[in-house]
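Next comes upload-v5.txt, a file with compact mmCIF, C-alpha atoms and all ligand atoms.
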# COMPACT_ATOMS: atom_id res chain seq x y z
CA MET E 1 45.17 -5.81 33.36
CA LYS E 2 47.78 -3.42 32.06
CA LEU E 3 47.61 0.31 31.37
CA HIS E 4 48.74 1.21 27.86
CA ARG E 5 50.85 4.10 29.06
CA LYS E 6 52.53 4.65 25.70
CA THR E 7 49.37 5.67 23.92
CA VAL E 8 47.24 7.09 26.73
CA ASN E 9 48.26 9.96 28.96
CA TYR E 10 46.10 9.82 32.03
CA SER E 11 47.94 12.62 33.81
CA LEU E 12 44.63 14.30 34.60
CA MET E 13 43.46 11.20 36.41
CA PRO E 14 43.40 11.29 40.20
CA GLU E 15 44.79 7.76 40.46
CA GLU E 16 46.82 5.98 37.85
CA THR E 17 45.61 2.75 39.41
CA ASN E 18 41.90 3.55 39.09
CA PRO E 19 40.43 0.17 38.07
CA PHE E 20 37.83 1.81 35.84
CA ILE E 21 40.57 3.48 33.81
CA GLU E 22 42.27 0.13 33.28
CA ILE E 23 38.99 -1.23 31.96
CA PHE E 24 38.66 1.59 29.41
CA ASN E 25 42.11 0.81 28.04
CA ASP E 26 41.56 -2.93 27.81
CA PRO E 27 40.11 -4.04 24.44
CA GLU E 28 38.37 -7.11 25.91
CA GLN E 29 36.72 -5.07 28.65
CA ALA E 30 35.84 -2.25 26.26
CA ALA E 31 34.08 -4.76 23.99
CA LYS E 32 31.85 -5.73 26.94
CA TYR E 33 31.28 -2.14 28.11
CA ALA E 34 27.84 -1.67 26.52
CA ASP E 35 26.25 -4.32 28.78
CA GLY E 36 27.23 -2.47 31.95
CA PRO E 37 25.85 1.04 32.37
CA ALA E 38 22.12 0.24 32.31
CA LYS E 39 22.59 -2.17 35.22
CA PHE E 40 24.24 0.50 37.37
CA MET E 41 22.47 3.70 36.33
CA PRO E 42 18.66 3.88 36.52
CA GLY E 43 17.22 5.06 33.22
CA PHE E 44 20.57 4.98 31.42
CA PHE E 45 19.04 4.78 27.94
CA ASP E 46 16.40 7.37 28.85
CA LEU E 47 19.29 9.71 29.56
CA HIS E 48 20.07 9.67 25.84
CA ILE E 49 16.45 10.53 25.06
CA MET E 50 16.51 13.38 27.60
CA ALA E 51 19.81 14.67 26.21
CA ASN E 52 18.33 14.59 22.73
CA VAL E 53 15.28 16.60 23.86
CA LEU E 54 17.45 19.18 25.65
CA ILE E 55 19.79 19.60 22.69
CA ARG E 56 16.97 19.88 20.16
CA GLU E 57 15.42 22.76 22.12
CA ARG E 58 18.37 24.93 21.00
CA ALA E 59 20.37 23.23 18.25
CA PRO E 60 19.75 23.57 14.49
CA SER E 61 18.97 20.56 12.32
CA ASN E 62 22.57 20.56 11.01
CA ALA E 63 24.12 20.89 14.47
CA HIS E 64 27.73 20.05 15.27
CA ILE E 65 27.85 18.27 18.66
CA LEU E 66 30.77 17.73 21.05
CA VAL E 67 30.58 14.40 22.91
CA HIS E 68 33.05 14.35 25.78
CA GLY E 69 33.96 10.89 27.10
CA ALA E 70 32.60 9.36 23.90
CA GLY E 71 34.16 5.91 24.38
CA GLY E 72 31.84 2.98 23.70
CA GLY E 73 29.77 5.13 21.34
CA LEU E 74 26.41 4.60 23.07
CA GLU E 75 25.27 8.23 23.19
CA LEU E 76 26.83 8.91 19.78
CA GLU E 77 24.79 6.05 18.38
CA ALA E 78 21.55 7.25 20.03
CA LEU E 79 21.95 10.90 19.01
CA ALA E 80 23.08 10.09 15.48
CA ALA E 81 20.13 7.73 14.92
CA LYS E 82 17.59 10.43 15.81
CA ASN E 83 19.26 13.32 13.97
CA PRO E 84 20.38 12.37 10.47
CA GLN E 85 22.01 15.74 9.73
CA TRP E 86 23.99 16.23 12.94
CA THR E 87 27.75 15.81 12.91
CA PHE E 88 29.81 14.91 15.96
CA LEU E 89 33.21 15.18 17.55
CA GLY E 90 33.83 12.45 20.14
CA VAL E 91 36.67 13.03 22.63
CA ASP E 92 38.18 10.27 24.75
CA PRO E 93 41.71 9.35 25.93
CA ALA E 94 41.09 5.58 25.85
CA LYS E 95 41.90 4.02 22.47
CA ALA E 96 40.08 0.75 23.21
CA MET E 97 36.87 2.62 24.04
CA LEU E 98 37.17 4.73 20.87
CA ASP E 99 37.70 1.58 18.79
CA GLU E 100 34.53 0.19 20.32
CA ALA E 101 32.64 3.41 19.47
CA GLN E 102 33.82 3.15 15.87
CA ARG E 103 32.72 -0.48 15.66
CA ARG E 104 29.29 0.34 17.11
CA LEU E 105 28.69 3.36 14.85
CA GLY E 106 29.07 1.48 11.56
CA VAL E 107 27.77 3.64 8.70
CA GLN E 108 27.27 6.58 11.08
CA ASN E 109 31.06 6.96 11.27
CA SER E 110 30.82 9.21 8.22
CA ARG E 111 29.31 11.90 10.49
CA VAL E 112 31.60 11.34 13.48
CA ASN E 113 35.19 12.42 14.11
CA LEU E 114 36.93 10.85 17.07
CA HIS E 115 39.68 12.68 18.95
CA HIS E 116 41.98 10.35 20.86
CA GLY E 117 43.07 12.52 23.77
CA PHE E 118 41.79 15.03 26.28
CA ILE E 119 39.58 18.06 25.64
CA GLU E 120 42.52 20.47 25.83
CA THR E 121 43.90 19.20 22.52
CA ALA E 122 40.52 18.70 20.81
CA PRO E 123 39.32 20.86 17.89
CA GLU E 124 37.93 24.23 18.91
CA GLY E 125 34.50 23.97 17.29
CA PRO E 126 32.46 26.07 17.90
CA PHE E 127 29.79 23.49 18.72
CA ASP E 128 26.00 23.79 18.92
CA ALA E 129 25.83 21.55 22.03
CA ALA E 130 27.99 19.28 24.16
CA THR E 131 27.49 16.24 26.38
CA SER E 132 29.62 14.58 29.02
CA LEU E 133 27.91 11.41 30.23
CA LEU E 134 29.26 9.11 32.96
CA THR E 135 32.69 10.74 32.67
CA LEU E 136 33.30 13.84 34.82
CA HIS E 137 33.22 11.83 38.07
CA PHE E 138 36.62 10.35 37.12
CA LEU E 139 38.21 13.79 37.42
CA ALA E 140 39.32 15.42 40.66
CA ALA E 141 37.73 18.81 41.35
CA ASP E 142 40.53 20.90 39.77
CA ALA E 143 40.73 18.79 36.62
CA ARG E 144 36.93 18.70 36.44
CA GLN E 145 36.83 22.51 36.55
CA THR E 146 39.46 22.83 33.82
CA THR E 147 37.72 20.22 31.66
CA VAL E 148 34.25 21.80 31.96
CA SER E 149 35.74 25.23 31.18
CA GLU E 150 37.43 23.82 28.06
CA ILE E 151 34.11 22.29 26.93
CA VAL E 152 32.16 25.52 27.56
CA ARG E 153 34.82 27.57 25.74
CA ARG E 154 34.10 25.49 22.62
CA LEU E 155 30.33 26.18 22.62
CA LYS E 156 28.42 28.82 20.67
CA PRO E 157 26.60 31.38 22.88
CA GLY E 158 23.43 29.84 24.31
CA ALA E 159 24.43 26.29 23.36
CA PRO E 160 23.41 23.61 25.89
CA PHE E 161 25.88 21.46 27.83
CA ILE E 162 24.44 18.25 29.27
CA ALA E 163 26.39 16.44 31.97
CA ALA E 164 25.40 13.37 33.98
CA HIS E 165 27.61 11.42 36.34
CA SER E 166 27.97 10.01 39.83
CA SER E 167 27.28 12.84 42.29
CA PHE E 168 25.56 12.45 45.66
CA PRO E 169 25.79 13.65 49.28
CA GLN E 170 29.24 12.92 50.66
CA ASP E 171 28.67 13.33 54.39
CA GLU E 172 29.54 10.09 56.12
CA ASN E 173 26.12 8.60 56.88
CA GLU E 174 24.42 9.52 53.64
CA ARG E 175 27.39 8.44 51.52
CA ASP E 176 27.30 4.83 52.72
CA ALA E 177 23.54 4.55 52.34
CA TRP E 178 23.67 5.73 48.72
CA LEU E 179 26.57 3.44 47.89
CA ARG E 180 24.60 0.53 49.30
CA ARG E 181 21.62 1.49 47.13
CA TYR E 182 23.92 1.74 44.09
CA ARG E 183 25.01 -1.85 44.75
CA GLU E 184 21.47 -3.10 45.38
CA PHE E 185 20.12 -1.46 42.22
CA ALA E 186 22.83 -3.18 40.16
CA VAL E 187 22.07 -6.62 41.63
CA ALA E 188 18.33 -6.12 41.19
CA SER E 189 19.01 -5.16 37.56
CA GLY E 190 20.91 -8.35 36.85
CA ALA E 191 24.53 -7.56 37.73
CA ASP E 192 26.54 -10.39 39.24
CA PRO E 193 26.61 -9.72 43.04
CA ASP E 194 30.42 -10.01 43.25
CA MET E 195 30.80 -7.62 40.36
CA ALA E 196 28.37 -5.21 42.02
CA ASP E 197 30.41 -5.40 45.25
CA ASN E 198 33.61 -4.68 43.34
CA ALA E 199 32.00 -1.76 41.53
CA ARG E 200 30.67 -0.35 44.79
CA ASN E 201 34.10 -0.59 46.40
CA ALA E 202 35.85 0.88 43.36
CA VAL E 203 33.43 3.82 43.31
CA ALA E 204 33.84 4.37 47.06
CA GLU E 205 37.62 4.09 47.06
CA THR E 206 38.90 5.37 43.73
CA ILE E 207 36.46 7.89 42.27
CA PRO E 208 36.80 11.51 43.43
CA LEU E 209 33.12 11.81 44.30
CA LEU E 210 31.71 15.29 44.89
CA ASP E 211 28.53 16.65 46.38
CA PRO E 212 25.95 17.78 43.79
CA ASP E 213 26.33 21.37 45.10
CA ILE E 214 30.03 21.29 44.28
CA ASP E 215 29.39 19.93 40.79
CA GLU E 216 26.90 22.73 40.22
CA ALA E 217 29.43 25.31 41.46
CA ILE E 218 31.95 23.93 38.94
CA PHE E 219 29.45 24.33 36.09
CA ARG E 220 28.68 27.92 37.14
CA ALA E 221 32.35 28.80 37.57
CA ALA E 222 32.89 27.63 33.97
CA GLY E 223 30.41 30.31 32.89
CA LEU E 224 27.35 28.11 32.29
CA GLN E 225 24.04 29.92 32.77
CA ASN E 226 20.69 28.66 34.04
CA VAL E 227 22.28 25.47 35.38
CA THR E 228 19.39 23.11 36.16
CA MET E 229 19.36 19.58 37.50
CA PHE E 230 17.14 17.55 35.18
CA TYR E 231 17.95 14.05 36.44
CA ALA E 232 18.49 12.51 39.89
CA ALA E 233 18.53 8.79 40.66
CA PHE E 234 20.32 7.23 43.65
CA THR E 235 24.03 8.08 43.17
CA TRP E 236 23.53 9.87 39.83
CA ARG E 237 22.74 13.43 38.80
CA GLY E 238 22.33 15.17 35.45
CA TRP E 239 22.38 18.89 34.63
CA VAL E 240 21.86 21.16 31.70
CA GLY E 241 23.44 24.63 31.46
CA TYR E 242 23.90 27.13 28.64
CA ALA E 243 27.07 28.70 27.28
CA PRO E 244 27.46 32.45 27.90
C1 LIG E 301 31.91 5.16 31.93
S1 LIG E 301 32.56 5.54 30.35
C2 LIG E 301 31.20 6.48 29.66
C3 LIG E 301 31.18 6.38 28.18
C4 LIG E 301 29.95 7.04 27.54
N1 LIG E 301 29.94 8.45 27.76
C5 LIG E 301 28.69 6.42 28.06
O1 LIG E 301 27.90 7.13 28.70
O2 LIG E 301 28.45 5.23 27.83
C6 LIG E 301 33.71 6.84 30.71
C7 LIG E 301 34.51 7.26 29.50
O3 LIG E 301 35.18 8.48 29.81
C8 LIG E 301 36.50 8.41 29.33
N2 LIG E 301 37.31 9.37 30.06
C9 LIG E 301 37.93 9.23 31.23
N3 LIG E 301 38.56 10.37 31.55
C10 LIG E 301 38.32 11.24 30.55
C11 LIG E 301 38.70 12.60 30.31
N4 LIG E 301 39.48 13.28 31.14
N5 LIG E 301 38.28 13.18 29.16
C12 LIG E 301 37.49 12.51 28.29
N6 LIG E 301 37.11 11.24 28.48
C13 LIG E 301 37.52 10.62 29.60
C14 LIG E 301 36.89 6.96 29.52
O4 LIG E 301 38.00 6.61 28.73
C15 LIG E 301 35.60 6.26 29.11
O5 LIG E 301 35.55 6.00 27.73
Represent the structure of the file as structure tokens.
Ligand SMILES: C[S@@+](CC[C@H](N)C(=O)[O-])C[C@H]1O[C@@H](n2cnc3c(N)ncnc32)[C@H](O)[C@@H]1O
Amino acid sequence: MKLHRKTVNYSLMPEETNPFIEIFNDPEQAAKYADGPAKFMPGFFDLHIMANVLIRERAPSNAHILVHGAGGGLELEALAAKNPQWTFLGVDPAKAMLDEAQRRLGVQNSRVNLHHGFIETAPEGPFDAATSLLTLHFLAADARQTTVSEIVRRLKPGAPFIAAHSSFPQDENERDAWLRRYREFAVASGADPDMADNARNAVAETIPLLDPDIDEAIFRAAGLQNVTMFYAAFTWRGWVGYAP
């Protein structure tokens, strides 16, 4: 697989060779993306329902929502289906994944703008809520901090930010046990065992995994208030926090 370096600037990425990043830039792989997450993340589709509940606690019926890491369009599709008046900005540096989102959204595209690039160059909003699902784990701690701060800066006061990604204890013994469980969950959920092994190894070797405490510290340092973990399953955590 080849990185499309001309159209995608992955300078914020910890590793240019990260195999997941190659997948997001590959149209064939992006077309298959939707089959993957539910096999690797317990309750993946319930996460969209939870995000919807958390956003609706604060957002108006005509809310404008920022979806960070919007490639594939799965959470855009879920949120748009339940909220016919919401409008969305989806941000993602991978063209193939944005194309896939556009294809999936069909008629809902009329309420969705897609920004091909990173958050730093995205429209300023302000937004009534933001999500970043299965995305922030690809960023090293410094880039993660900058990215979360840029998202929070674009929110109206009190607006919720919902993030969920790979985050689990990184001390040696615990780390291996959770990675093994990540692999076993995927196989038990129908993933091909070789593919599950590859995913486990790619997560272990190429993703800048952080402890949940460090993720929470990043959210707080970005100014988010009342940061609360609302989701925890094997190697995954989800939080909600509110813009100052
Ligand atoms: C695992 S997919 C998750 C897609 C979607 N949020 C979901 O839950 O199905 C990760 C997405 O994040 C995007 N991504 C990677 N780094 C990013 C960054 N710095 N800013 C925004 N999106 C990024 C990838 O291109 C990819 O589309």
Self-check item: Coordinates-based distance that separates CA of Phe168 in chain E from CA of Asp211 in chain E (Å, one decimal)
Solution: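 Separation of CA of Asp211 in chain E and CA of Phe168 in chain E: 5.2 Å.
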Exercise. Give the residues close to ligand LIG 301 (chain E), within 6 Å, counting all atoms listed in the file; write them as a list in words.
Key: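 These are the residues that qualify: Phe24, His68, Gly69, Ala70, Gly71, Gly72, Leu74, Val91, Asp92, Pro93, Ala94, Met97, Phe118, Leu133, Leu134, Thr135 and Phe138 of chain E.
Neighbouring residues of Pro42 in chain E at 8 Å or closer, counting all atoms listed in the file and skipping chain neighbours under 3 positions away, are Ala38, Lys39, Phe185 and Ala233 of chain E.
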Practice problem: Find, counting all atoms listed in the file, the residue in E:Gly125, E:Ser132, E:Ala80, E:Gly158 that gets nearest to Gln108 in chain E. | Solution: E:Ala80
Around the point (35.9, 11.1, 13.7) (coordinates from the file), which residues reach within 9 Å if we count all atoms listed in the file? Answer as a compact mmCIF listing (two decimals) with C-alpha atoms, in the frame of the given file.
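Generated file (selection06.txt):
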# COMPACT_ATOMS: atom_id res chain seq x y z
CA PHE E 88 29.81 14.91 15.96
CA LEU E 89 33.21 15.18 17.55
CA GLY E 90 33.83 12.45 20.14
CA GLN E 102 33.82 3.15 15.87
CA ASN E 109 31.06 6.96 11.27
CA SER E 110 30.82 9.21 8.22
CA ARG E 111 29.31 11.90 10.49
CA VAL E 112 31.60 11.34 13.48
CA ASN E 113 35.19 12.42 14.11
CA LEU E 114 36.93 10.85 17.07
CA HIS E 115 39.68 12.68 18.95
Quiz item: Which distance in Å separates CA of Thr131 in chain E and CA of Ile162 in chain E, to one decimal?
Solution: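 Here the two named atoms are 4.7 Å from each other.
Rounded to one decimal, CA of Tyr231 in chain E and CA of Ala177 in chain E lie 19.3 Å from each other.
Distance annotation: of E:Ala188, E:Leu209, E:Met195, E:Ala141, the residue with the minimal separation from Arg175 in chain E is E:Leu209; atom set is only C-alpha atoms.
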May I have the centre and edge lengths, in Å to one decimal, of an axis-aligned box around the listed atoms of range 97-115 of chain E with 5 Å added to every side, as AutoDock Vina command-line options?
--center_x 33.5 --center_y 6.1 --center_z 16.1 --size_x 22.4 --size_y 23.2 --size_z 25.8
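Nearest to Arg183 in chain E of all the residues E:Thr121, E:Gln170, E:Ser149, E:Thr235 is E:Thr235, counting all atoms listed in the file.
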Quiz item: Taking all atoms listed in the file into account, which of E:Leu105, E:Ile119, E:Val187, E:Leu79 comes nearest Ile49 in chain E?
Solution: E:Leu79
Exercise. For Ser167 in chain E, work out the shell of residues within 10 Å, counting all atoms listed in the file and skipping chain neighbours fewer than 3 positions away, then give it as a list of chain:residue names.
Key: E:Leu136, E:His137, E:Ala164, E:Gln170, E:Pro208, E:Leu209, E:Leu210, E:Asp211, E:Pro212, E:Asp213, E:Ile214, E:Asp215, E:Ala232, E:Ala233, E:Phe234, E:Thr235, E:Trp236, E:Arg237, E:Gly238
Quiz item: From the list E:Gly190, E:Ile218, E:Asp99, E:Glu174, which residue is nearest Ala140 in chain E when using all atoms listed in the file?
Solution: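 The closest residue to Ala140 in chain E is E:Ile218.
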Quiz prompt | Shell around Lys156 in chain E at 6 Å using all atoms listed in the file, local window under 2 positions removed, as a PyMOL selection string | solution = chain E and resi 126-128+159
Practice problem: Between E:Ser61, E:Thr147, E:Gln85, E:Thr228, single out the one closest to Glu120 in chain E, counting only C-alpha atoms. | Solution: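 Nearest to Glu120 in chain E: E:Thr147.
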Exercise. Would you be able to write out as a list in words which residues have an atom within 12 Å of (23.4, 1.7, 30.1) in the file's coordinates, counting all atoms listed in the file?
Key: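 Answer for this query, in the requested form: Lys32, Tyr33, Ala34, Asp35, Gly36, Pro37, Ala38, Lys39, Phe40, Met41, Pro42, Gly43, Phe44, Phe45, Asp46, Leu47, His48, Gly72, Gly73, Leu74, Glu75, Ala78, Leu133, Leu134, Ala186 and Ser189 of chain E.
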Quiz item: If you count all atoms listed in the file, which residues fall within 12 Å of Glu172 in chain E, apart from same-chain ones fewer than 6 positions away, as a PyMOL selection string?
Solution: chain E and resi 178-179+204+211
Kindly output range 142-162 of chain E as an mmCIF file, keeping the file's coordinate frame, after building N, CA and C atoms.
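Writing done, so here's part35.cif:
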data_model
loop_
_atom_site.group_PDB
_atom_site.id
_atom_site.type_symbol
_atom_site.label_atom_id
_atom_site.label_comp_id
_atom_site.auth_asym_id
_atom_site.auth_seq_id
_atom_site.Cartn_x
_atom_site.Cartn_y
_atom_site.Cartn_z
ATOM 1 N N ASP E 142 39.783 19.922 40.591
ATOM 2 C CA ASP E 142 40.530 20.900 39.770
ATOM 3 C C ASP E 142 40.482 20.528 38.295
ATOM 4 N N ALA E 143 40.745 19.249 38.014
ATOM 5 C CA ALA E 143 40.730 18.790 36.620
ATOM 6 C C ALA E 143 39.316 18.869 36.048
ATOM 7 N N ARG E 144 38.320 18.618 36.900
ATOM 8 C CA ARG E 144 36.930 18.700 36.440
ATOM 9 C C ARG E 144 36.613 20.145 36.029
ATOM 10 N N GLN E 145 37.073 21.093 36.867
ATOM 11 C CA GLN E 145 36.830 22.510 36.550
ATOM 12 C C GLN E 145 37.488 22.894 35.224
ATOM 13 N N THR E 146 38.744 22.491 35.059
ATOM 14 C CA THR E 146 39.460 22.830 33.820
ATOM 15 C C THR E 146 38.758 22.209 32.615
ATOM 16 N N THR E 147 38.361 20.946 32.768
ATOM 17 C CA THR E 147 37.720 20.220 31.660
ATOM 18 C C THR E 147 36.396 20.865 31.269
ATOM 19 N N VAL E 148 35.552 21.174 32.271
ATOM 20 C CA VAL E 148 34.250 21.800 31.960
ATOM 21 C C VAL E 148 34.484 23.159 31.297
ATOM 22 N N SER E 149 35.457 23.920 31.788
ATOM 23 C CA SER E 149 35.740 25.230 31.180
ATOM 24 C C SER E 149 36.167 25.076 29.725
ATOM 25 N N GLU E 150 36.973 24.062 29.444
ATOM 26 C CA GLU E 150 37.430 23.820 28.060
ATOM 27 C C GLU E 150 36.256 23.420 27.167
ATOM 28 N N ILE E 151 35.312 22.662 27.713
ATOM 29 C CA ILE E 151 34.110 22.290 26.930
ATOM 30 C C ILE E 151 33.286 23.551 26.653
ATOM 31 N N VAL E 152 33.029 24.334 27.698
ATOM 32 C CA VAL E 152 32.160 25.520 27.560
ATOM 33 C C VAL E 152 32.785 26.527 26.588
ATOM 34 N N ARG E 153 34.108 26.654 26.642
ATOM 35 C CA ARG E 153 34.820 27.570 25.740
ATOM 36 C C ARG E 153 34.589 27.208 24.265
ATOM 37 N N ARG E 154 34.283 25.946 24.006
ATOM 38 C CA ARG E 154 34.100 25.490 22.620
ATOM 39 C C ARG E 154 32.650 25.586 22.140
ATOM 40 N N LEU E 155 31.758 26.120 22.988
ATOM 41 C CA LEU E 155 30.330 26.180 22.620
ATOM 42 C C LEU E 155 29.956 27.551 22.054
ATOM 43 N N LYS E 156 28.997 27.549 21.134
ATOM 44 C CA LYS E 156 28.420 28.820 20.670
ATOM 45 C C LYS E 156 27.593 29.426 21.812
ATOM 46 N N PRO E 157 27.423 30.769 21.822
ATOM 47 C CA PRO E 157 26.600 31.380 22.880
ATOM 48 C C PRO E 157 25.206 30.747 22.930
ATOM 49 N N GLY E 158 24.769 30.421 24.128
ATOM 50 C CA GLY E 158 23.430 29.840 24.310
ATOM 51 C C GLY E 158 23.358 28.341 24.089
ATOM 52 N N ALA E 159 24.450 27.741 23.638
ATOM 53 C CA ALA E 159 24.430 26.290 23.360
ATOM 54 C C ALA E 159 24.335 25.493 24.666
ATOM 55 N N PRO E 160 23.557 24.408 24.669
ATOM 56 C CA PRO E 160 23.410 23.610 25.890
ATOM 57 C C PRO E 160 24.588 22.650 26.129
ATOM 58 N N PHE E 161 24.923 22.497 27.396
ATOM 59 C CA PHE E 161 25.880 21.460 27.830
ATOM 60 C C PHE E 161 25.126 20.542 28.773
ATOM 61 N N ILE E 162 25.155 19.244 28.461
ATOM 62 C CA ILE E 162 24.440 18.250 29.270
ATOM 63 C C ILE E 162 25.469 17.329 29.914
#
